[in-house]
Each structure stands twice: as structure tokens, then as C-alpha cells.
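Dropping upload_6.cif in here (mmCIF, C-alpha atoms and all ligand atoms):
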data_my_file
loop_
_atom_site.label_atom_id
_atom_site.label_comp_id
_atom_site.auth_asym_id
_atom_site.auth_seq_id
_atom_site.Cartn_x
_atom_site.Cartn_y
_atom_site.Cartn_z
CA MET A 1 54.13 -8.76 -0.58
CA ASN A 2 57.77 -7.99 0.07
CA ILE A 3 59.93 -7.49 3.11
CA PHE A 4 59.51 -3.74 3.03
CA SER A 5 55.75 -3.67 2.82
CA SER A 6 54.97 -4.77 6.35
CA GLU A 7 54.41 -1.77 8.58
CA VAL A 8 55.26 -3.33 11.91
CA ILE A 9 58.74 -4.68 12.26
CA HIS A 10 59.69 -6.41 15.44
CA SER A 11 63.11 -5.84 16.81
CA GLU A 12 63.20 -6.83 20.41
CA ASN A 13 64.76 -4.94 23.29
CA GLN A 14 67.09 -7.20 25.27
CA GLU A 15 68.28 -6.30 28.74
CA VAL A 16 71.97 -6.77 29.55
CA LYS A 17 73.09 -8.02 32.95
CA HIS A 18 76.68 -7.29 33.89
CA PRO A 19 78.63 -6.57 37.11
CA ILE A 20 79.93 -3.30 35.61
CA LEU A 21 76.33 -2.12 35.17
CA ASP A 22 75.41 -3.18 38.72
CA GLU A 23 78.43 -1.41 40.13
CA ALA A 24 77.53 1.87 38.38
CA LYS A 25 73.79 1.33 39.00
CA VAL A 26 72.87 1.96 35.39
CA PHE A 27 70.59 -0.07 33.16
CA LEU A 28 71.47 -1.17 29.65
CA THR A 29 69.13 -2.55 27.02
CA ILE A 30 70.11 -3.46 23.48
CA LYS A 31 67.65 -3.02 20.64
CA ARG A 32 68.22 -6.02 18.39
CA GLU A 33 67.82 -4.44 14.97
CA ASP A 34 70.28 -7.07 13.78
CA LEU A 35 67.43 -9.58 14.02
CA ILE A 36 65.10 -7.76 11.62
CA HIS A 37 66.19 -9.69 8.56
CA LYS A 38 68.90 -12.23 7.84
CA GLN A 39 70.33 -10.56 4.77
CA VAL A 40 69.11 -6.97 5.00
CA SER A 41 69.99 -6.45 8.59
CA GLY A 42 69.71 -3.60 11.02
CA ASN A 43 69.95 -0.04 9.90
CA LYS A 44 70.52 -0.99 6.25
CA PHE A 45 66.97 -2.35 6.16
CA ARG A 46 65.69 0.95 7.56
CA LYS A 47 67.75 3.00 5.14
CA LEU A 48 66.69 1.03 2.07
CA LYS A 49 62.99 0.74 2.81
CA TYR A 50 61.76 4.11 1.48
CA ASN A 51 64.48 4.38 -1.15
CA LEU A 52 63.50 1.15 -2.84
CA ALA A 53 59.84 2.11 -2.67
CA GLU A 54 60.70 5.46 -4.28
CA ALA A 55 62.78 3.81 -7.00
CA LYS A 56 59.88 1.52 -7.86
CA LYS A 57 57.32 4.32 -7.73
CA CYS A 58 59.40 6.37 -10.16
CA GLY A 59 59.60 3.44 -12.54
CA PHE A 60 63.31 2.66 -12.20
CA THR A 61 64.37 -0.92 -12.81
CA LYS A 62 67.93 -0.50 -11.52
CA ILE A 63 69.61 0.99 -8.52
CA LEU A 64 73.26 1.94 -8.39
CA THR A 65 75.29 2.53 -5.28
CA PHE A 66 78.87 2.67 -3.96
CA GLY A 67 80.88 0.89 -1.34
CA GLY A 68 84.11 -0.71 -0.19
CA ALA A 69 84.89 -4.39 -0.63
CA TYR A 70 83.44 -5.36 2.76
CA SER A 71 80.54 -2.91 2.84
CA ASN A 72 77.41 -3.86 4.78
CA HIS A 73 75.52 -1.44 2.55
CA ILE A 74 76.61 -3.25 -0.63
CA ALA A 75 75.57 -6.64 0.78
CA ALA A 76 72.22 -5.31 2.01
CA THR A 77 71.43 -3.47 -1.23
CA ALA A 78 72.18 -6.54 -3.31
CA ALA A 79 69.91 -8.73 -1.16
CA ALA A 80 67.11 -6.17 -0.96
CA GLY A 81 67.18 -5.50 -4.69
CA LYS A 82 66.80 -9.19 -5.36
CA ILE A 83 63.87 -9.45 -2.97
CA VAL A 84 61.92 -6.49 -4.33
CA GLY A 85 62.81 -7.12 -7.98
CA LEU A 86 65.22 -4.29 -8.77
CA GLU A 87 68.51 -4.83 -10.57
CA THR A 88 71.50 -3.65 -8.55
CA ILE A 89 74.85 -2.23 -9.57
CA GLY A 90 77.60 -1.86 -6.98
CA VAL A 91 80.49 0.49 -7.75
CA ILE A 92 83.31 -0.93 -5.62
CA ARG A 93 86.48 0.83 -4.50
CA GLY A 94 89.64 -0.91 -5.73
CA GLU A 95 90.24 -1.76 -9.39
CA GLU A 96 92.85 -4.38 -8.39
CA LEU A 97 89.96 -6.56 -7.21
CA ALA A 98 88.81 -6.96 -10.82
CA VAL A 99 92.13 -8.33 -12.09
CA ASP A 100 91.29 -11.86 -11.01
CA LEU A 101 87.59 -11.66 -10.23
CA GLN A 102 87.15 -15.35 -9.45
CA LYS A 103 89.92 -15.17 -6.89
CA THR A 104 88.47 -11.98 -5.39
CA LEU A 105 85.05 -13.56 -5.06
CA SER A 106 86.46 -16.74 -3.56
CA GLN A 107 88.23 -14.68 -0.87
CA ASN A 108 85.56 -12.09 -0.14
CA ASP A 109 82.23 -13.16 1.33
CA THR A 110 80.67 -9.72 0.98
CA LEU A 111 81.34 -9.44 -2.74
CA SER A 112 80.52 -13.06 -3.49
CA PHE A 113 77.24 -12.69 -1.62
CA ALA A 114 76.45 -9.50 -3.56
CA SER A 115 77.35 -11.13 -6.84
CA ASP A 116 75.30 -14.26 -6.04
CA SER A 117 72.36 -11.99 -5.23
CA GLY A 118 72.58 -10.65 -8.77
CA MET A 119 74.48 -7.42 -8.16
CA GLN A 120 76.60 -6.28 -11.05
CA LEU A 121 79.99 -5.25 -9.66
CA GLU A 122 81.92 -2.38 -11.21
CA PHE A 123 85.40 -1.91 -9.79
CA VAL A 124 87.00 1.53 -9.94
CA THR A 125 90.29 3.07 -8.87
CA ARG A 126 90.52 4.81 -5.53
CA SER A 127 90.81 8.19 -7.20
CA THR A 128 87.74 7.61 -9.36
CA TYR A 129 85.93 6.41 -6.26
CA ARG A 130 86.85 9.59 -4.42
CA ASP A 131 85.22 11.61 -7.22
CA LYS A 132 82.15 9.40 -7.30
CA ASN A 133 79.74 12.29 -6.91
CA SER A 134 81.15 14.25 -9.86
CA GLU A 135 78.84 14.96 -12.80
CA ASP A 136 81.43 13.54 -15.13
CA PHE A 137 81.64 10.14 -13.45
CA LEU A 138 77.88 9.87 -13.01
CA SER A 139 77.23 10.61 -16.66
CA ARG A 140 79.78 7.96 -17.63
CA LEU A 141 77.94 5.48 -15.41
CA LYS A 142 74.65 6.44 -17.09
CA GLU A 143 76.15 5.77 -20.50
CA GLN A 144 77.37 2.39 -19.32
CA PHE A 145 74.33 1.19 -17.37
CA GLY A 146 71.39 3.23 -18.66
CA SER A 147 69.13 5.05 -16.23
CA PHE A 148 69.29 4.10 -12.56
CA TYR A 149 68.11 5.23 -9.15
CA LEU A 150 71.19 6.57 -7.39
CA LEU A 151 71.78 5.67 -3.77
CA PRO A 152 74.69 7.51 -2.19
CA GLU A 153 77.57 5.72 -0.44
CA GLY A 154 76.34 4.17 2.79
CA GLY A 155 72.78 4.77 1.55
CA THR A 156 72.33 8.03 3.45
CA ASN A 157 69.78 10.54 2.14
CA GLU A 158 66.46 12.05 3.29
CA LEU A 159 64.52 8.84 2.67
CA ALA A 160 67.10 6.79 4.57
CA VAL A 161 66.77 9.12 7.54
CA LYS A 162 62.98 8.79 7.34
CA GLY A 163 63.37 5.00 7.54
CA CYS A 164 65.71 5.27 10.52
CA GLU A 165 63.14 7.38 12.37
CA GLU A 166 61.21 4.10 12.68
CA ILE A 167 63.96 2.50 14.78
CA ILE A 168 62.71 4.30 17.89
CA SER A 169 59.16 3.68 19.01
CA VAL A 170 57.11 5.62 21.56
CA SER A 171 57.79 3.01 24.24
CA ASP A 172 61.52 3.72 23.84
CA HIS A 173 60.90 7.20 25.20
CA ASP A 174 61.31 5.67 28.67
CA TYR A 175 65.08 5.55 28.16
CA ASP A 176 67.29 8.46 29.19
CA VAL A 177 70.14 7.85 26.76
CA ILE A 178 70.16 6.26 23.33
CA CYS A 179 73.46 5.08 21.82
CA CYS A 180 74.22 4.29 18.24
CA ALA A 181 77.26 3.66 16.03
CA VAL A 182 77.94 6.27 13.36
CA GLY A 183 79.33 5.88 9.85
CA THR A 184 77.85 8.47 7.51
CA GLY A 185 75.42 9.84 10.10
CA GLY A 186 72.13 8.88 8.47
CA THR A 187 71.07 6.41 11.10
CA ILE A 188 71.74 8.60 14.10
CA SER A 189 69.92 11.49 12.40
CA GLY A 190 66.76 9.41 12.12
CA ILE A 191 67.10 8.28 15.71
CA ILE A 192 67.58 11.86 16.93
CA ASN A 193 64.49 12.96 15.01
CA SER A 194 62.29 10.46 16.80
CA THR A 195 63.57 10.99 20.32
CA SER A 196 61.83 13.12 22.86
CA GLN A 197 63.54 16.25 24.19
CA HIS A 198 64.40 14.74 27.59
CA GLN A 199 66.48 12.02 25.91
CA THR A 200 70.12 12.32 24.91
CA VAL A 201 71.49 10.53 21.86
CA LEU A 202 75.17 9.53 21.97
CA GLY A 203 76.81 8.66 18.65
CA PHE A 204 79.99 6.58 18.47
CA PRO A 205 81.78 7.31 15.19
CA ALA A 206 83.52 4.28 13.69
CA LEU A 207 86.00 6.52 11.92
CA LYS A 208 88.21 9.51 12.58
CA GLY A 209 87.26 12.96 11.39
CA ASP A 210 85.30 16.04 12.29
CA PHE A 211 82.91 16.20 9.35
CA LEU A 212 80.19 14.09 10.95
CA SER A 213 78.52 16.76 13.07
CA VAL A 214 77.91 18.83 9.96
CA GLU A 215 76.46 15.82 8.14
CA ILE A 216 74.08 15.08 11.00
CA GLN A 217 72.96 18.71 11.17
CA LYS A 218 71.83 18.44 7.55
CA PHE A 219 69.16 15.96 8.61
CA THR A 220 68.07 17.16 12.04
CA ASP A 221 67.35 20.45 13.78
CA LYS A 222 67.42 18.92 17.24
CA THR A 223 70.34 19.45 19.60
CA ASN A 224 69.88 16.63 22.13
CA TRP A 225 72.86 14.66 20.80
CA GLU A 226 76.60 14.40 21.11
CA LEU A 227 79.38 12.46 19.38
CA ILE A 228 81.74 10.39 21.53
CA LYS A 229 84.95 10.39 19.53
CA ASP A 230 87.24 8.28 21.72
CA TYR A 231 86.40 4.80 20.46
CA HIS A 232 87.14 4.62 16.73
CA PHE A 233 90.25 2.47 17.37
CA GLU A 234 92.39 4.56 15.00
CA GLY A 235 90.04 4.39 12.08
CA TYR A 236 87.42 2.74 9.99
CA ALA A 237 87.57 -1.08 10.12
CA LYS A 238 90.69 -0.90 12.31
CA VAL A 239 90.67 -3.22 15.30
CA ASN A 240 93.03 -4.40 18.01
CA ARG A 241 93.32 -7.44 20.27
CA GLU A 242 91.49 -5.77 23.14
CA LEU A 243 88.46 -5.04 20.96
CA ILE A 244 88.33 -8.56 19.54
CA GLU A 245 88.56 -10.08 23.00
CA PHE A 246 85.83 -7.74 24.27
CA ILE A 247 83.50 -8.77 21.42
CA ASN A 248 84.17 -12.47 21.99
CA THR A 249 83.57 -12.20 25.74
CA PHE A 250 80.40 -10.19 25.19
CA LYS A 251 79.10 -12.88 22.86
CA LYS A 252 79.90 -15.61 25.36
CA GLU A 253 78.33 -13.85 28.33
CA GLN A 254 75.37 -12.07 26.74
CA HIS A 255 74.71 -14.23 23.69
CA ILE A 256 74.69 -11.09 21.59
CA PRO A 257 77.07 -11.04 18.60
CA LEU A 258 78.62 -7.65 17.85
CA ASP A 259 80.38 -6.61 14.66
CA PRO A 260 83.97 -5.31 14.81
CA VAL A 261 83.45 -2.18 12.69
CA TYR A 262 80.48 -0.49 14.35
CA THR A 263 78.53 -2.05 17.20
CA GLY A 264 81.58 -3.68 18.86
CA LYS A 265 83.29 -0.31 19.15
CA MET A 266 80.12 1.33 20.47
CA ILE A 267 79.50 -1.24 23.21
CA PHE A 268 83.19 -1.28 24.13
CA GLY A 269 83.10 2.50 24.46
CA LEU A 270 79.86 2.46 26.39
CA PHE A 271 81.21 -0.01 28.96
CA ASP A 272 84.37 2.04 29.31
CA MET A 273 82.32 5.20 29.93
CA ILE A 274 80.09 3.41 32.42
CA GLN A 275 83.14 2.17 34.31
CA LYS A 276 84.59 5.67 34.38
CA GLY A 277 81.40 7.07 35.91
CA PHE A 278 80.11 9.02 32.89
CA PHE A 279 76.47 8.22 33.69
CA THR A 280 74.59 9.13 36.85
CA LYS A 281 72.91 6.45 38.97
CA ASN A 282 69.70 4.97 37.55
CA THR A 283 70.39 6.12 34.00
CA ARG A 284 68.51 3.93 31.56
CA ILE A 285 70.50 3.39 28.39
CA LEU A 286 69.23 1.95 25.12
CA ALA A 287 71.96 0.90 22.67
CA ILE A 288 70.92 0.21 19.09
CA HIS A 289 72.34 -2.94 17.52
CA THR A 290 72.52 -1.82 13.91
CA GLY A 291 73.52 -5.24 12.55
CA GLY A 292 76.55 -5.56 10.30
CA LEU A 293 77.43 -9.12 11.21
CA GLN A 294 78.07 -10.12 7.59
CA GLY A 295 81.35 -8.20 7.88
CA VAL A 296 82.74 -10.63 10.45
CA TYR A 297 83.88 -13.13 7.81
CA GLY A 298 85.93 -10.55 5.95
CA MET A 299 87.41 -9.29 9.20
CA ASN A 300 88.42 -12.80 10.26
CA THR A 301 90.34 -13.25 7.02
CA ARG A 302 92.32 -10.11 7.83
CA LEU A 303 92.81 -11.10 11.47
CA MET A 304 94.19 -14.45 10.42
CA LYS A 305 96.76 -12.75 8.15
CA ASN A 306 97.80 -10.48 11.03
CA ASN A 307 98.07 -13.29 13.59
CA LEU A 308 95.32 -11.81 15.75
CA PRO A 309 92.63 -13.83 17.53
CA LEU A 310 89.52 -14.45 15.44
CA LEU A 311 85.98 -13.32 16.14
CA THR A 312 83.89 -16.23 17.38
CA ILE A 313 80.53 -15.48 15.87
C1 LIG B 1 76.34 1.19 8.05
C2 LIG B 1 76.33 0.88 9.50
C3 LIG B 1 76.34 1.89 10.49
C4 LIG B 1 76.47 3.34 10.15
O1 LIG B 1 75.29 3.90 9.69
P1 LIG B 1 75.28 5.38 9.13
O2 LIG B 1 73.87 5.64 8.81
O3 LIG B 1 76.15 5.37 7.90
O4 LIG B 1 75.85 6.27 10.16
C5 LIG B 1 76.27 1.51 11.81
N1 LIG B 1 76.22 0.21 12.18
C6 LIG B 1 76.25 -0.77 11.27
C7 LIG B 1 76.23 -2.17 11.74
C8 LIG B 1 76.30 -0.48 9.90
O5 LIG B 1 76.33 -1.47 9.01
#
Could you quickly redo this structure as C-alpha cells?
Ligand SMILES: *Cc1c(COP(=O)(O)O)cnc(C)c1O
Amino acid sequence: MNIFSSEVIHSENQEVKHPILDEAKVFLTIKREDLIHKQVSGNKFRKLKYNLAEAKKCGFTKILTFGGAYSNHIAATAAAGKIVGLETIGVIRGEELAVDLQKTLSQNDTLSFASDSGMQLEFVTRSTYRDKNSEDFLSRLKEQFGSFYLLPEGGTNELAVKGCEEIISVSDHDYDVICCAVGTGGTISGIINSTSQHQTVLGFPALKGDFLSVEIQKFTDKTNWELIKDYHFEGYAKVNRELIEFINTFKKEQHIPLDPVYTGKMIFGLFDMIQKGFFTKNTRILAIHTGGLQGVYGMNTRLMKNNLPLLTI
């Protein structure tokens, strides 16, 4: 028995009460995928489920994947690998982090968690990292680590999308609009695939760039979706005081913690759109909480250095 073997996973839908919603006469519910599992939270659980099963079925004993120093995907893969009995290797962007590894681990909760979960960390330069999908680099990794099941950066592939299709259940077809944060596009693709045609899926990219639509189209033929590109806050993992204060207030009022990289930006954007009259009266909105709360510790370290208020989670 392991965490991925149970068919029914309960993530509850939680209704949000707020004067801004009353004013616009729209309804907002948050699907608490962040509560699925303490260490393999939210969409990373969904994305790993079929990949780890496939790795085991094919007889692999190791999985290798890529990520930045604060990556939710790295933390989740390390924890999941430990639980299901697969060795994990994390190729991490930034060779400078390896210079004094003890210091790096003492200052970085994501990497120390991954390392404590048994993940072997391999630090590479930014330019090597950029070429991570090259044949040359992959064959070097094979020489170094032996054979492994390869999970792409962010964990997005066909099997990840299949797992994310399970986020939406038939009873969620009552909602008119489904919102979700977007990184590589795997999660929203799965969500789109399991919506019904009368529903609209709105994706909130956490980063700048126009490549995402093409990525999403690789995994879905449906067209009932749109990307809302106004709420990335100047880039991936970039935040400002207004966002931090919004997340802290939301936590205090709704008792729902949001992460600063993905779900905080989505809910901020959604409230802004609601206030500006984007949705017609009686629209029922379901926003997916994709987890990611492990990243709060790393963000607070950065906020402290920059004299910004901290996240109170
Ligand atoms: C990774 C992540 C996302 C992005 O998922 P993609 O499938 O890469 O688009 C969204 N929210 C959270 C909390 C995440 O950790």
C-alpha cells in the first residue's frame, strides 16, 4: 500500500465568503488540493502518480528530474520517491550552491528537505541547465548515475496530464469557470481535458512569456480555455508588497494559506478581475489550490533580505 495506490483522493471544496464576491454577485469555491498530502502536495501529487507507477512497472529503481533551488517539484519528487521506494536524483540549477553544501542546506528548506528524503542532489551551471534536454547532457547523466526514469522539469508529460485529469470530478461540472495557476502547463491541460464544454478554464501564468499556449495545445484538443497574463508580477517567483499583504489578509480572513509563486498570484488576479466586473452575475467559479506551500520558507528568507513583510503561514 502506498500513497498513490488509493483510487479515491479527497480534496475538499471550500466556499469563500467575501464582500467583493457579494458585491459582484459571483460565487467562489476553492478546491483544496493542497490538503491531499503533507509532503507531496497538490498538483505535484497528481503529476507524479502515474509517472512513479510507470517507473516501477518498467523496472527502474531511480528517477531523475530537474528543478530550481526552491522547486516544489523537487521537494515533492524527493518525498514521493522515498514513500514508494524509488531512489531520486535532483539536477539543480546553480553550481555555486555546491561550493559549500552544508551552508546551502542550512539556508534552503527545499533542498535540505529533498536531501533528508534521500534525494541525491547534482548541481549544474545555468548554461548546462538550459541544455538539460540535450542528448549529450543526458548521456553524461546516464554514465554518472546508471539507468533512470527521466521526469522532465516541473514533471510535465503525458502521464502527468493524465494524473491532473483526476483533479476535476463530475460534481465539479456545476461550476461555470475553473481557475488554475500555470507553470509549465501540465496541470491546466489535465484540468481542461476533464471539463465539460460549457465550462471555461482560466489559467494564470506565474511567469512571463508566450510559449505556454503552445505547450498546453500539445496536451489538449479542447478550446474552452484562456490564459490571463496580467498577474505574473514581473516574473517567476517575483513578488511585491501588495501581493504579500494580499496573501496574509486572505489567510487571516479565509483561513486558507496561499503560496507566493502560484496560487497567491492566481487568487489576487481573480479578485482583481471580479472587482473590475469581468464575470457576469451568478457566475460560479472554482479555483484550484495546487499546493506549493513548502516554498513559503524560502520566500521568507528572500523577503527578509529585501526588507519586505514576511508571509504569515
Ligand atoms: C508546479 C506548480 C504549479 C504549476 O503547474 P504546471 O503543471 O507546471 O503548470 C502550480 N501551482 C503550484 C502550487 C505548483 O507547485
Quick one: pull the distance between CA of Gly42 (chain A) and CA of Gln294 (chain A), Å, one decimal.
->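 Between CA of Gly42 (chain A) and CA of Gln294 (chain A) the gap works out to 11.1 Å.
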Between CA of Leu101 (chain A) and CA of Thr184 (chain A), what is the distance, to one decimal in Å?
->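 Separation of CA of Leu101 (chain A) and CA of Thr184 (chain A): 28.5 Å.
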Could you give me, as a ChimeraX atom specification, every polymer residue with an atom at most 10 Å away from an atom of ligand LIG 1 (chain B), counting all atoms listed in the file?
-> /A:33-34,40-47,71-76,153-157,160-161,164,180-190,203-206,212,215-216,258-266,288-295
Could you build a table of the residues in region 121-212 of chain A lying no more than 8 Å from region 222-226 of chain A, giving for each the nearest pair of atoms and their separation in Å rounded to one decimal place, using only C-alpha atoms, ordered by chain and ascending residue number, as a tab-separated table?
residue	atom	partner	partner_atom	distance
A:Ile192	CA	A:Lys222	CA	7.1
A:Asn193	CA	A:Lys222	CA	7.0
A:Gln197	CA	A:Asn224	CA	6.7
A:His198	CA	A:Asn224	CA	8.0
A:Gln199	CA	A:Asn224	CA	6.9
A:Thr200	CA	A:Asn224	CA	5.1
A:Val201	CA	A:Trp225	CA	4.5
A:Leu202	CA	A:Glu226	CA	5.1
A:Gly203	CA	A:Glu226	CA	6.2
Contacts of Tyr70 (chain A) at 8 Å (all atoms listed in the file; same-chain gap of 3+ positions) as a PyMOL selection string | chain A and resi 67+74+108+110-111+295+298
For CA of Leu52 (chain A) and CA of Phe113 (chain A), quote the distance in Å rounded to one decimal.
-> 19.5 Å
Closest of A:Met273, A:Val26, A:Leu227, A:Met119 to Val214 (chain A) - atom-to-atom distances counting all atoms listed in the file |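 Of A:Met273, A:Val26, A:Leu227, A:Met119, the one nearest Val214 (chain A), counting all atoms listed in the file, is A:Leu227.
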Using only C-alpha atoms, find the one residue out of A:Val16, A:Ile83, A:Leu150, A:Leu48 that sits nearest to Phe60 (chain A).
-> A:Leu150
Best match for closeness to Thr29 (chain A) among A:Glu15, A:Glu135, A:Glu96, A:Glu165, counting only C-alpha atoms =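 Of A:Glu15, A:Glu135, A:Glu96, A:Glu165, the one nearest Thr29 (chain A), counting only C-alpha atoms, is A:Glu15.
Using all atoms listed in the file for every distance, the candidate list A:Gly68, A:Gly163, A:Gly118, A:Gly277 yields A:Gly118 as the residue closest to Glu87 (chain A).
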Measuring atom to atom with all atoms listed in the file, identify which of A:Leu97, A:Leu64, A:Leu286, A:Ile274 is nearest to Ile191 (chain A).
->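 Result for the nearest residue to Ile191 (chain A): A:Leu286.
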Determine the nearest neighbour of Asp174 (chain A) from the options A:Thr77, A:Thr61, A:Thr283, A:Ser11, counting only C-alpha atoms.
->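 Residue with the minimum atom-to-atom distance to Asp174 (chain A): A:Thr283.
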Excluding Glu242 (chain A) and its own-chain neighbours fewer than 2 positions away, which residues fall within 12 Å of it when counting only C-alpha atoms? Please give them as a short mmCIF file (atom, residue, chain, number, x, y, z; two decimals) with C-alpha atoms, in the frame of the given file.
data_model
loop_
_atom_site.label_atom_id
_atom_site.label_comp_id
_atom_site.auth_asym_id
_atom_site.auth_seq_id
_atom_site.Cartn_x
_atom_site.Cartn_y
_atom_site.Cartn_z
CA PHE A 233 90.25 2.47 17.37
CA LYS A 238 90.69 -0.90 12.31
CA VAL A 239 90.67 -3.22 15.30
CA ASN A 240 93.03 -4.40 18.01
CA ILE A 244 88.33 -8.56 19.54
CA GLU A 245 88.56 -10.08 23.00
CA PHE A 246 85.83 -7.74 24.27
CA ILE A 247 83.50 -8.77 21.42
CA ASN A 248 84.17 -12.47 21.99
CA THR A 249 83.57 -12.20 25.74
CA PRO A 260 83.97 -5.31 14.81
CA GLY A 264 81.58 -3.68 18.86
CA LYS A 265 83.29 -0.31 19.15
CA PHE A 268 83.19 -1.28 24.13
CA GLY A 269 83.10 2.50 24.46
CA LEU A 308 95.32 -11.81 15.75
CA PRO A 309 92.63 -13.83 17.53
CA LEU A 310 89.52 -14.45 15.44
CA LEU A 311 85.98 -13.32 16.14
#
Using all atoms of region 76-81 of chain A listed in the file and a margin of 5 Å per side, can you give the axis-aligned box centre and edge lengths in Å to one decimal, as JSON?
{"center_x": 69.7, "center_y": -6.1, "center_z": -1.3, "size_x": 15.1, "size_y": 15.3, "size_z": 16.7}
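Residues in contact with region 123-132 of chain A at 8 Å, where only C-alpha atoms are counted and same-chain residues fewer than 6 positions away are skipped, are listed as Val91, Ile92, Arg93, Gly94, Glu95, Glu96, Leu97, Ala98 and Leu138 of chain A.
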May I have the residues at most 8 Å from (80.6, -4.3, 33.1) in the file's coordinates, counting all atoms listed in the file, as an MDAnalysis selection string?
-> chainID A and resid 18:23 271 274:275
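Using all atoms listed in the file, every residue with an atom at most 9 Å from the point (75.7, -7.5, -11.1) is listed here: Ala78, Glu87, Thr88, Ile89, Gly90, Ala114, Ser115, Asp116, Ser117, Gly118, Met119, Gln120, Leu121 and Glu122 of chain A.
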